[in-house]
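> Below is the file protein_9.txt, which contains compact mmCIF, C-alpha atoms.
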# COMPACT_ATOMS: atom_id res chain seq x y z
CA MET A 18 61.81 -222.14 44.65
CA GLY A 19 62.60 -221.01 48.14
CA SER A 20 60.02 -220.76 50.74
CA ALA A 21 58.72 -217.34 51.77
CA VAL A 22 60.31 -215.95 54.78
CA LYS A 23 57.88 -215.32 57.49
CA VAL A 24 58.49 -212.27 59.59
CA PRO A 25 57.44 -212.81 63.07
CA PRO A 26 55.20 -210.13 64.45
CA ARG A 27 57.06 -207.36 66.29
CA GLY A 28 56.09 -206.19 69.62
CA PHE A 29 56.28 -202.65 71.09
CA ALA A 30 60.05 -202.92 71.59
CA GLY A 31 60.58 -203.81 67.96
CA LEU A 32 58.62 -200.84 66.70
CA LEU A 33 60.56 -198.51 68.97
CA SER A 34 63.93 -199.68 67.64
CA VAL A 35 62.79 -199.20 64.05
CA THR A 36 61.60 -195.69 64.79
CA LEU A 37 64.91 -194.71 66.41
CA ILE A 38 66.91 -196.01 63.49
CA ALA A 39 64.77 -194.05 61.00
CA GLY A 40 65.09 -190.89 63.04
CA PHE A 41 68.87 -191.24 63.20
CA ILE A 42 69.02 -191.56 59.45
CA LEU A 43 66.81 -188.40 58.92
CA LEU A 44 68.91 -186.33 61.29
CA SER A 45 72.20 -187.09 59.57
CA PRO A 46 73.81 -183.92 58.05
CA LEU A 47 73.25 -183.44 54.38
CA PRO A 48 76.37 -183.10 52.20
CA ILE A 49 77.40 -179.51 51.44
CA ARG A 50 79.29 -178.64 48.28
CA ALA A 51 81.93 -176.60 50.07
CA GLN A 52 84.31 -176.76 47.17
CA GLU A 53 81.75 -175.24 44.80
CA GLN A 54 79.93 -172.77 47.08
CA SER A 55 81.28 -170.47 49.80
CA GLN A 56 79.61 -168.07 52.18
CA PRO A 57 80.54 -164.40 51.94
CA ASP A 58 82.48 -162.94 54.84
CA GLY A 59 80.40 -161.76 57.73
CA LEU A 60 77.30 -163.92 56.99
CA ASP A 61 76.24 -166.67 59.37
CA GLY A 62 74.11 -168.52 56.86
CA LEU A 63 70.83 -167.40 58.34
CA GLN A 64 68.40 -164.74 57.23
CA PRO A 65 66.76 -162.51 59.85
CA SER A 66 63.78 -164.87 59.80
CA GLY A 67 65.96 -167.81 60.91
CA GLN A 68 65.55 -169.77 57.65
CA PRO A 69 68.59 -171.07 55.74
CA ASN A 70 69.90 -168.79 53.01
CA GLU A 71 69.76 -169.70 49.40
CA THR A 72 72.95 -170.67 47.73
CA LEU A 73 75.11 -167.56 47.43
CA THR A 74 77.95 -166.75 45.10
CA ARG A 75 80.85 -164.44 45.98
CA PRO A 76 80.10 -160.90 44.71
CA THR A 77 82.40 -159.36 42.15
CA PRO A 78 84.46 -156.22 43.05
CA THR A 79 82.00 -154.11 41.08
CA GLU A 80 79.11 -155.60 42.95
CA ARG A 81 80.96 -155.27 46.26
CA GLY A 82 81.28 -151.50 45.63
CA ALA A 83 77.54 -151.16 45.27
CA THR A 84 75.49 -150.25 48.28
CA SER A 85 74.47 -153.26 50.31
CA PRO A 86 72.28 -153.22 53.39
CA SER A 87 74.28 -156.03 54.99
CA GLN A 88 77.84 -154.84 54.35
CA PRO A 89 78.26 -151.02 54.03
CA THR A 90 81.24 -149.67 52.15
CA PRO A 91 82.90 -146.22 52.46
CA GLN A 92 81.08 -145.15 49.33
CA SER A 93 77.76 -146.28 50.73
CA ILE A 94 78.07 -144.43 54.05
CA PRO A 95 75.48 -141.60 53.93
CA GLN A 96 76.98 -138.12 53.72
CA PRO A 97 75.47 -135.08 55.55
CA GLU A 98 73.10 -133.15 53.29
CA ALA A 99 72.60 -129.41 53.03
CA VAL A 100 69.86 -128.14 55.30
CA THR A 101 66.88 -126.88 53.34
CA PRO A 102 64.08 -124.71 54.68
CA PRO A 103 61.28 -126.85 56.08
CA SER A 104 58.16 -127.08 54.01
CA ASP A 105 55.98 -127.68 57.04
CA PRO A 106 54.89 -124.29 58.48
CA GLU A 107 54.74 -125.91 61.91
CA ASP A 108 58.45 -126.84 61.71
CA LEU A 109 60.06 -123.39 61.55
CA ARG A 110 63.59 -122.43 62.52
CA ARG A 111 64.79 -119.10 63.90
CA LEU A 112 66.50 -117.05 61.19
CA ALA A 113 69.84 -115.37 61.72
CA ALA A 114 69.52 -111.61 62.18
CA ASP A 115 71.79 -110.86 59.24
CA SER A 116 69.91 -113.14 56.84
CA THR A 117 66.95 -110.81 56.35
CA LEU A 118 66.61 -107.25 55.16
CA LEU A 119 64.06 -106.46 57.85
CA SER A 120 66.50 -106.27 60.75
CA MET A 121 68.51 -103.69 62.66
CA GLU A 122 71.73 -105.27 61.42
CA ALA A 123 70.68 -104.81 57.78
CA GLY A 124 69.71 -101.18 58.38
CA GLN A 125 72.97 -100.42 60.18
CA ARG A 126 74.96 -102.04 57.41
CA LEU A 127 73.24 -99.83 54.83
CA VAL A 128 73.97 -96.72 56.90
CA GLN A 129 77.66 -97.62 57.13
CA GLU A 130 77.87 -98.24 53.38
CA ALA A 131 76.12 -94.93 52.74
CA LYS A 132 78.62 -93.06 54.92
CA GLU A 133 81.48 -94.56 52.95
CA SER A 134 79.84 -93.54 49.67
CA ALA A 135 79.23 -90.00 50.93
CA ALA A 136 82.85 -89.72 52.09
CA ALA A 137 83.86 -90.56 48.52
CA GLN A 138 81.36 -87.92 47.24
CA GLU A 139 79.26 -90.66 45.64
CA TYR A 140 76.02 -89.03 46.71
CA GLU A 141 73.46 -90.93 44.64
CA PRO A 142 74.24 -94.41 46.04
CA ALA A 143 74.50 -92.85 49.50
CA VAL A 144 70.99 -91.37 49.14
CA THR A 145 69.57 -94.69 47.95
CA LYS A 146 71.05 -96.69 50.82
CA LEU A 147 70.04 -94.14 53.44
CA GLN A 148 66.48 -94.10 52.14
CA GLN A 149 66.37 -97.90 52.35
CA SER A 150 67.77 -97.98 55.88
CA ARG A 151 65.36 -95.27 56.98
CA GLU A 152 62.41 -97.30 55.67
CA ILE A 153 63.67 -100.45 57.41
CA PHE A 154 64.07 -98.72 60.77
CA ASN A 155 60.68 -97.05 60.44
CA GLN A 156 58.97 -100.38 59.70
CA LEU A 157 60.72 -102.08 62.61
CA SER A 158 59.74 -99.30 64.98
CA ASN A 159 56.09 -99.50 63.91
CA PHE A 160 56.03 -103.30 64.20
CA HIS A 161 57.54 -103.33 67.69
CA GLN A 162 55.14 -100.59 68.75
CA GLU A 163 52.20 -102.70 67.58
CA LEU A 164 53.55 -105.71 69.47
CA TYR A 165 54.02 -103.60 72.58
CA THR A 166 50.39 -102.50 72.36
CA SER A 167 49.20 -106.09 71.80
CA PHE A 168 51.05 -107.52 74.82
CA THR A 169 50.35 -104.67 77.24
CA GLY A 170 48.33 -106.06 80.15
CA ILE A 171 48.89 -109.66 78.96
CA ASP A 172 52.62 -110.19 79.35
CA ASN A 173 54.38 -107.08 80.59
CA ARG A 174 57.82 -108.62 80.16
CA ILE A 175 57.30 -109.09 76.42
CA ALA A 176 55.52 -105.74 76.14
CA ASN A 177 58.42 -103.83 77.73
CA SER A 178 60.90 -105.63 75.49
CA HIS A 179 59.06 -104.45 72.37
CA ARG A 180 58.67 -100.95 73.75
CA THR A 181 62.45 -100.75 74.16
CA LEU A 182 63.01 -102.08 70.64
CA ALA A 183 60.51 -99.60 69.23
CA ALA A 184 62.41 -96.72 70.83
CA GLU A 185 65.81 -98.01 69.67
CA THR A 186 64.74 -98.47 66.05
CA ALA A 187 63.05 -95.06 66.06
CA GLN A 188 66.36 -93.56 67.19
CA MET A 189 68.17 -95.36 64.36
CA ARG A 190 65.55 -94.10 61.90
CA ASP A 191 66.14 -90.51 62.97
CA GLU A 192 69.90 -90.95 62.74
CA ALA A 193 69.53 -92.28 59.19
CA SER A 194 67.24 -89.34 58.38
CA TYR A 195 69.86 -86.92 59.65
CA GLU A 196 72.59 -88.51 57.53
CA LEU A 197 70.26 -88.30 54.53
CA ALA A 198 69.61 -84.61 55.20
CA VAL A 199 73.35 -83.99 55.40
CA VAL A 200 73.82 -85.61 51.99
CA HIS A 201 70.97 -83.53 50.49
CA SER A 202 72.55 -80.41 51.96
CA ALA A 203 75.87 -81.33 50.36
CA GLN A 204 74.01 -81.64 47.06
CA ASN A 205 72.51 -78.13 47.54
CA LYS A 206 69.02 -79.62 47.77
CA ALA A 207 67.63 -77.72 50.73
CA ASP A 208 64.04 -78.46 49.70
CA LEU A 209 64.75 -82.17 50.33
CA ALA A 210 66.76 -81.70 53.52
CA VAL A 211 64.35 -79.37 55.34
CA PRO A 212 61.40 -81.81 55.68
CA LEU A 213 63.70 -84.49 57.08
CA LEU A 214 65.23 -82.15 59.64
CA ILE A 215 61.84 -80.91 60.81
CA GLN A 216 60.70 -84.52 61.28
CA ILE A 217 63.78 -85.18 63.40
CA VAL A 218 63.15 -82.14 65.59
CA GLY A 219 59.55 -83.25 66.10
CA SER A 220 60.55 -86.83 66.90
CA GLN A 221 63.59 -86.16 69.08
CA GLN A 222 62.49 -82.86 70.62
CA PRO A 223 64.92 -79.90 70.64
CA THR A 224 66.31 -80.87 74.05
CA ARG A 225 68.01 -84.05 72.84
CA GLU A 226 71.35 -84.09 71.05
CA LEU A 227 70.06 -85.25 67.68
CA GLY A 228 67.22 -82.73 67.81
CA ARG A 229 69.68 -79.92 68.48
CA GLN A 230 71.88 -81.05 65.60
CA ALA A 231 68.91 -81.12 63.25
CA TYR A 232 67.80 -77.63 64.25
CA GLN A 233 71.34 -76.32 63.87
CA LEU A 234 71.48 -77.74 60.34
CA LEU A 235 68.19 -75.97 59.60
CA SER A 236 69.89 -72.78 60.67
CA ASP A 237 72.94 -73.53 58.53
CA ILE A 238 70.71 -74.12 55.51
CA GLY A 239 68.95 -70.84 56.21
CA PHE A 240 65.44 -72.12 56.83
CA VAL A 241 65.27 -70.74 60.38
CA GLN A 242 66.54 -67.37 61.53
CA ILE A 243 67.48 -68.26 65.10
CA VAL A 244 71.14 -69.17 64.87
CA GLN A 245 71.52 -69.80 68.59
CA GLU A 246 71.11 -73.39 69.69
CA PRO A 247 67.71 -73.95 71.36
CA ILE A 248 67.87 -74.04 75.15
CA ALA A 249 65.55 -74.96 77.97
CA ALA A 250 62.55 -72.81 78.85
CA ASP A 251 64.01 -71.71 82.19
CA ALA A 252 66.36 -69.28 80.46
CA GLU A 253 64.95 -65.86 81.25
CA ALA A 254 66.71 -63.79 78.62
CA ALA A 255 65.43 -64.94 75.25
CA PRO A 256 67.25 -63.58 72.19
CA GLU A 257 65.51 -60.97 70.10
CA VAL A 258 64.71 -62.28 66.62
CA SER A 259 63.39 -60.61 63.51
CA PRO A 260 62.15 -63.24 61.07
CA GLU A 261 61.29 -60.77 58.33
CA GLU A 262 64.72 -60.63 56.69
CA PRO A 263 66.71 -63.78 55.89
CA THR A 264 70.39 -63.59 56.74
CA THR A 265 71.90 -66.49 54.80
CA PRO A 266 72.23 -66.96 51.04
CA ALA A 267 70.87 -70.52 51.31
CA GLN A 268 67.41 -69.29 52.21
CA GLN A 269 67.43 -66.52 49.65
CA THR A 270 68.18 -68.90 46.79
CA GLY A 271 66.52 -72.10 48.04
CA LEU A 272 63.40 -73.42 46.32
CA LEU A 273 61.70 -73.96 49.68
CA SER A 274 61.68 -70.35 50.85
CA ILE A 275 59.39 -67.34 51.12
CA GLN A 276 61.53 -65.47 48.60
CA ALA A 277 61.20 -68.24 45.98
CA ALA A 278 57.42 -68.38 46.37
CA ASN A 279 57.10 -64.57 46.18
CA GLY A 280 59.21 -64.59 43.02
CA LEU A 281 56.86 -67.11 41.43
CA MET A 282 53.85 -64.97 42.32
CA GLU A 283 55.41 -61.91 40.70
CA GLU A 284 56.23 -63.87 37.55
CA ALA A 285 52.64 -65.17 37.47
CA ARG A 286 51.25 -61.62 37.60
CA GLN A 287 53.42 -60.60 34.69
CA SER A 288 52.26 -63.64 32.69
CA ALA A 289 48.61 -62.85 33.47
CA SER A 290 49.09 -59.22 32.37
CA ALA A 291 50.43 -60.54 29.06
CA GLU A 292 47.40 -62.88 28.86
CA GLN A 293 49.65 -65.92 29.18
CA TYR A 294 47.21 -67.58 31.50
CA GLU A 295 48.58 -71.13 31.39
CA GLN A 296 51.99 -69.96 32.57
CA ALA A 297 50.34 -67.84 35.25
CA VAL A 298 48.33 -70.84 36.50
CA SER A 299 51.41 -73.08 36.65
CA LYS A 300 53.48 -70.55 38.62
CA LEU A 301 50.67 -69.69 41.01
CA GLN A 302 50.06 -73.35 41.73
CA ARG A 303 53.72 -73.85 42.52
CA SER A 304 53.83 -70.75 44.69
CA ARG A 305 50.74 -71.89 46.56
CA GLU A 306 52.32 -75.31 47.24
CA ILE A 307 55.51 -73.75 48.58
CA PHE A 308 53.65 -71.42 50.94
CA ASN A 309 51.52 -74.31 52.16
CA GLN A 310 54.60 -76.44 52.87
CA LEU A 311 56.29 -73.58 54.67
CA SER A 312 53.25 -72.93 56.82
CA ASN A 313 53.02 -76.60 57.82
CA PHE A 314 56.74 -76.79 58.61
CA TYR A 315 56.71 -73.68 60.78
CA GLN A 316 53.62 -74.97 62.55
CA GLN A 317 55.43 -78.22 63.35
CA LEU A 318 58.43 -76.33 64.69
CA PHE A 319 56.13 -74.20 66.83
CA THR A 320 54.66 -77.36 68.33
CA SER A 321 58.11 -78.86 68.95
CA PHE A 322 59.43 -75.78 70.78
CA ALA A 323 56.27 -74.92 72.70
CA GLY A 324 57.07 -75.18 76.42
CA ILE A 325 60.78 -75.65 75.73
CA ASP A 326 61.89 -72.38 74.16
CA ASN A 327 58.94 -70.00 74.02
CA ALA A 328 60.78 -67.29 72.07
CA THR A 329 61.66 -69.73 69.30
CA ALA A 330 58.18 -71.22 69.38
CA GLU A 331 56.56 -67.78 69.01
CA THR A 332 58.82 -66.96 66.08
CA HIS A 333 57.71 -70.08 64.25
CA ARG A 334 54.06 -69.41 65.07
CA ILE A 335 54.32 -65.98 63.45
CA LEU A 336 56.02 -67.44 60.38
CA ALA A 337 53.35 -70.13 60.11
CA ALA A 338 50.62 -67.47 60.12
CA GLU A 339 52.45 -65.28 57.59
CA THR A 340 53.07 -68.08 55.12
CA ALA A 341 49.46 -69.22 55.48
CA GLU A 342 48.35 -65.68 54.59
CA MET A 343 50.63 -65.72 51.53
CA ARG A 344 49.27 -69.13 50.52
CA ASP A 345 45.72 -67.78 50.61
CA LEU A 346 46.77 -64.74 48.60
CA ALA A 347 48.31 -66.98 45.91
CA THR A 348 45.11 -69.05 45.99
CA TYR A 349 42.99 -65.93 45.50
CA GLU A 350 45.03 -64.79 42.49
CA LEU A 351 44.83 -68.30 41.03
CA ALA A 352 41.02 -68.18 41.37
CA LEU A 353 40.98 -64.84 39.51
CA VAL A 354 42.97 -66.31 36.64
CA HIS A 355 40.52 -69.22 36.42
CA ARG A 356 37.68 -66.71 36.36
CA VAL A 357 39.31 -64.82 33.49
CA GLN A 358 39.60 -68.14 31.66
CA ASN A 359 35.85 -68.64 32.16
CA GLN A 360 36.45 -71.65 34.42
CA PRO A 361 34.24 -71.00 37.46
CA ALA A 362 34.28 -74.72 38.37
CA LEU A 363 37.98 -74.30 39.21
CA ALA A 364 37.64 -70.89 40.85
CA VAL A 365 34.79 -71.65 43.29
CA PRO A 366 36.59 -74.38 45.35
CA LEU A 367 39.61 -72.10 45.79
CA LEU A 368 37.49 -69.19 46.96
CA ILE A 369 35.69 -71.35 49.50
CA GLN A 370 39.03 -72.57 50.87
CA ILE A 371 40.09 -68.96 51.36
CA ILE A 372 36.92 -68.09 53.28
CA ARG A 373 37.35 -71.11 55.55
CA SER A 374 41.00 -70.21 56.20
CA GLN A 375 40.67 -66.43 56.53
CA GLN A 376 37.14 -66.19 57.94
CA PRO A 377 34.61 -63.83 56.25
CA THR A 378 35.53 -60.97 58.60
CA ARG A 379 39.07 -60.53 57.31
CA GLU A 380 39.88 -58.57 54.19
CA LEU A 381 40.93 -61.48 52.02
CA GLY A 382 37.92 -63.50 53.16
CA LYS A 383 35.58 -60.64 52.19
CA LYS A 384 37.19 -60.44 48.73
CA ALA A 385 36.80 -64.17 48.21
CA TYR A 386 33.10 -64.02 49.12
CA GLU A 387 32.60 -61.09 46.81
CA GLN A 388 34.03 -63.15 43.96
CA LEU A 389 31.58 -65.93 44.76
CA TRP A 390 28.72 -63.40 44.55
CA GLU A 391 29.94 -62.02 41.21
CA LEU A 392 30.21 -65.55 39.85
CA GLY A 393 26.60 -66.18 40.86
CA PHE A 394 27.47 -68.95 43.28
CA VAL A 395 25.85 -67.14 46.25
CA ASP A 396 22.58 -65.18 46.20
CA SER A 397 23.48 -62.17 48.34
CA PRO A 398 26.60 -60.11 49.05
CA PHE A 399 28.23 -60.06 52.43
CA PRO A 400 26.33 -57.79 54.89
CA GLY A 401 27.83 -54.34 55.03
CA GLY A 402 27.95 -53.63 51.34
CA ARG A 403 29.84 -54.93 48.37
CA GLN A 404 33.61 -55.04 48.55
CA SER A 405 35.57 -53.96 45.53
CA SER A 406 37.31 -57.00 44.13
CA SER A 407 40.93 -56.62 43.16
CA GLY A 408 43.48 -58.70 41.40
CA VAL A 409 43.81 -60.06 37.91
CA ARG A 410 41.08 -58.93 35.51
Can you present the structure in this file as structure tokens?


Amino acid sequence: MGSAVKVPPRGFAGLLSVTLIAGFILLSPLPIRAQEQSQPDGLDGLQPSGQPNETLTRPTPTERGATSPSQPTPQSIPQPEAVTPPSDPEDLRRLAADSTLLSMEAGQRLVQEAKESAAAQEYEPAVTKLQQSREIFNQLSNFHQELYTSFTGIDNRIANSHRTLAAETAQMRDEASYELAVVHSAQNKADLAVPLLIQIVGSQQPTRELGRQAYQLLSDIGFVQIVQEPIAADAEAAPEVSPEEPTTPAQQTGLLSIQAANGLMEEARQSASAEQYEQAVSKLQRSREIFNQLSNFYQQLFTSFAGIDNATAETHRILAAETAEMRDLATYELALVHRVQNQPALAVPLLIQIIRSQQPTRELGKKAYEQLWELGFVDSPFPGGRQSSSGVR
């Protein structure tokens, strides 16, 4: 048996040498299986956190084609996407002028297409497109006018901009209205063209080019008797006019004319004499509507020419009064037919309208009041004695 080896106690120097040797052993590099494992290209062996990566294997070609955050491939490069309208109402983008129907460009495009259709005598699509463009321009003009009013006194620069746009779109509206009236005239539809032309004259005034063109077309249609182009009020020699007799076939045969309304009244009297009251009512109602339209149109023309061409204005004032008188006469005869039918509830409102329009002192007003007295609607006749009622019995 050998004797136990006694280790002499170590001092501070001995402990230090042992510690250094142990530290050297711990810091020796560990063996790496380079033959079995390999790092992929472009990796430094460290994760973003600074810790060693786990053992990696080389990706297959299929895997290499997949998107990888560390190594992008041509297939993984993001492609530009189509821009979609923002869903956030606070993140709005300015629209192109030609991308919306509510724009001057859209209205002008419709007008141009309508002109091409009219040139090819395709009147129906031309009418549709001109009506659409006219509505667009009218809306735009109203909107810019409202904006002008809102900004007046707050930001005059913006206000003046909208005032200019309101005037420009109103001009485009009137031009589209004129083109539409021309198409209606080509279709022999004077009753559709006349209201448009009168609106243009009222909007443009007879002194401007488009207003003169519109009034000239009214003359060509036969609605007005003054063939001469309207001139300024400083012309001393005004032409003599006689509005009683129409001079063009268009007015004599048009639905919107004094002659057409008088013809309906005559037919209604014949129907009432034959006790065909329903036909008489229908024709008198139509005659009354025509006379009322004519009176309003002539009144508008009188207003447009007042102070510009007094002779023309006076002619239209006379025509407005005459057609209003004929309207009241047709209304009176319609009330008589309702009375014969034992329908006083329909006759009374018509008679009151006549009195308000004619005044009780005029002949037709006296007759209307007398009818109210005979129907029992009023308690006493008009002072001065009873007036003999006339008309359909």

> Using atom CA of A:Thr186 and atom CA of A:Phe322 as the two end points, give the distance in Å to one decimal.

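These atoms are spaced 23.8 Å apart.
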
> Around (48.3, -75.7, 34.6), as given in the file, which residues come within 12 Å? Count all atoms listed in the file and list them as JSON, numbers by chain.

{"A": [285, 293, 294, 295, 296, 297, 298, 299, 300, 301, 302, 303, 351, 354, 355, 358, 363]}

> How many Å lie between atom CA of A:Asn313 and atom CA of A:Ala337, rounded to one decimal?

6.9 Å

> Could you give me, as a list in words, the residues within 6 Å of stretch 195-212 of chain A, counting only C-alpha atoms and dropping anything in the same chain fewer than 2 positions from it?

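Contacts, with the query itself left out: Leu147, Glu192, Ala193, Leu214, Ile215 and Leu273 of chain A.
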
> Would you mind reading off the distance between atom CA of A:Phe394 and atom CA of A:Asn359, one decimal, in Å?

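Value for the atom CA of A:Phe394-atom CA of A:Asn359 distance: 13.9 Å.
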
> Find the residues near A:Ala352: any atom within 10 Å, counting only C-alpha atoms, skip ones fewer than 4 places away on the same chain, and give them as a PyMOL selection string.

chain A and resi 298+301+346-348+356-358+360-368+385+388+408-409

> Keeping only C-alpha atoms, take the residues you just selected and write them out as a JSON list (two decimals), keeping the file's coordinate frame.


[["chain", "number", "residue", "atom", "x", "y", "z"],
["A", 298, "VAL", "CA", 48.33, -70.84, 36.50],
["A", 301, "LEU", "CA", 50.67, -69.69, 41.01],
["A", 346, "LEU", "CA", 46.77, -64.74, 48.60],
["A", 347, "ALA", "CA", 48.31, -66.98, 45.91],
["A", 348, "THR", "CA", 45.11, -69.05, 45.99],
["A", 356, "ARG", "CA", 37.68, -66.71, 36.36],
["A", 357, "VAL", "CA", 39.31, -64.82, 33.49],
["A", 358, "GLN", "CA", 39.60, -68.14, 31.66],
["A", 360, "GLN", "CA", 36.45, -71.65, 34.42],
["A", 361, "PRO", "CA", 34.24, -71.00, 37.46],
["A", 362, "ALA", "CA", 34.28, -74.72, 38.37],
["A", 363, "LEU", "CA", 37.98, -74.30, 39.21],
["A", 364, "ALA", "CA", 37.64, -70.89, 40.85],
["A", 365, "VAL", "CA", 34.79, -71.65, 43.29],
["A", 366, "PRO", "CA", 36.59, -74.38, 45.35],
["A", 367, "LEU", "CA", 39.61, -72.10, 45.79],
["A", 368, "LEU", "CA", 37.49, -69.19, 46.96],
["A", 385, "ALA", "CA", 36.80, -64.17, 48.21],
["A", 388, "GLN", "CA", 34.03, -63.15, 43.96],
["A", 408, "GLY", "CA", 43.48, -58.70, 41.40],
["A", 409, "VAL", "CA", 43.81, -60.06, 37.91]]

> Quick one: residues within 6 Å of A:Ala131, only C-alpha atoms counted, chain neighbours fewer than 2 positions away excluded, as a list in words?

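After dropping sequence-adjacent residues, the list is Val128, Gln129, Glu133, Ser134, Ala143 and Lys146 of chain A.
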
> Just the selected residues (C-alpha atoms), exported as an mmCIF file, keeping the file's coordinate frame, please.


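Result file is result.cif:
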data_model
loop_
_atom_site.group_PDB
_atom_site.id
_atom_site.type_symbol
_atom_site.label_atom_id
_atom_site.label_comp_id
_atom_site.auth_asym_id
_atom_site.auth_seq_id
_atom_site.Cartn_x
_atom_site.Cartn_y
_atom_site.Cartn_z
ATOM 1 C CA VAL A 128 73.970 -96.720 56.900
ATOM 2 C CA GLN A 129 77.660 -97.620 57.130
ATOM 3 C CA GLU A 133 81.480 -94.560 52.950
ATOM 4 C CA SER A 134 79.840 -93.540 49.670
ATOM 5 C CA ALA A 143 74.500 -92.850 49.500
ATOM 6 C CA LYS A 146 71.050 -96.690 50.820
#

> From the list A:Ser120, A:Met282, A:Ala289, A:Phe314, which residue is nearest A:Ala338 when using all atoms listed in the file?

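Answer, going by the shortest atom-to-atom distance: A:Phe314.
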
> From the list A:Asp191, A:Glu284, A:Ala176, A:Gly382, which residue is nearest A:Glu226 when using only C-alpha atoms?

A:Asp191

> Here is a test: counting only C-alpha atoms, which residue of A:Gln316, A:Ser274, A:Asn159, A:Ser194 is nearest to A:His179?

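Going through A:Gln316, A:Ser274, A:Asn159, A:Ser194 one by one, the smallest distance to A:His179 is for A:Asn159.
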
> Counting all atoms listed in the file, I want the residues whose atoms come within 9 Å of (58.4, -83.3, 67.7) in the file frame, returned as a list in words.

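Output of the proximity query reads Ile215, Gln216, Ile217, Val218, Gly219, Ser220, Gln221, Gln222, Pro223, Gly228, Gln317, Leu318, Thr320, Ser321 and Phe322 of chain A.
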
> Which residue gives the smallest distance to A:Tyr165 among A:Gln376, A:Asn177, A:Gln138, A:Ser288, with only C-alpha atoms counted?

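Smallest distance to A:Tyr165 is found for A:Asn177.
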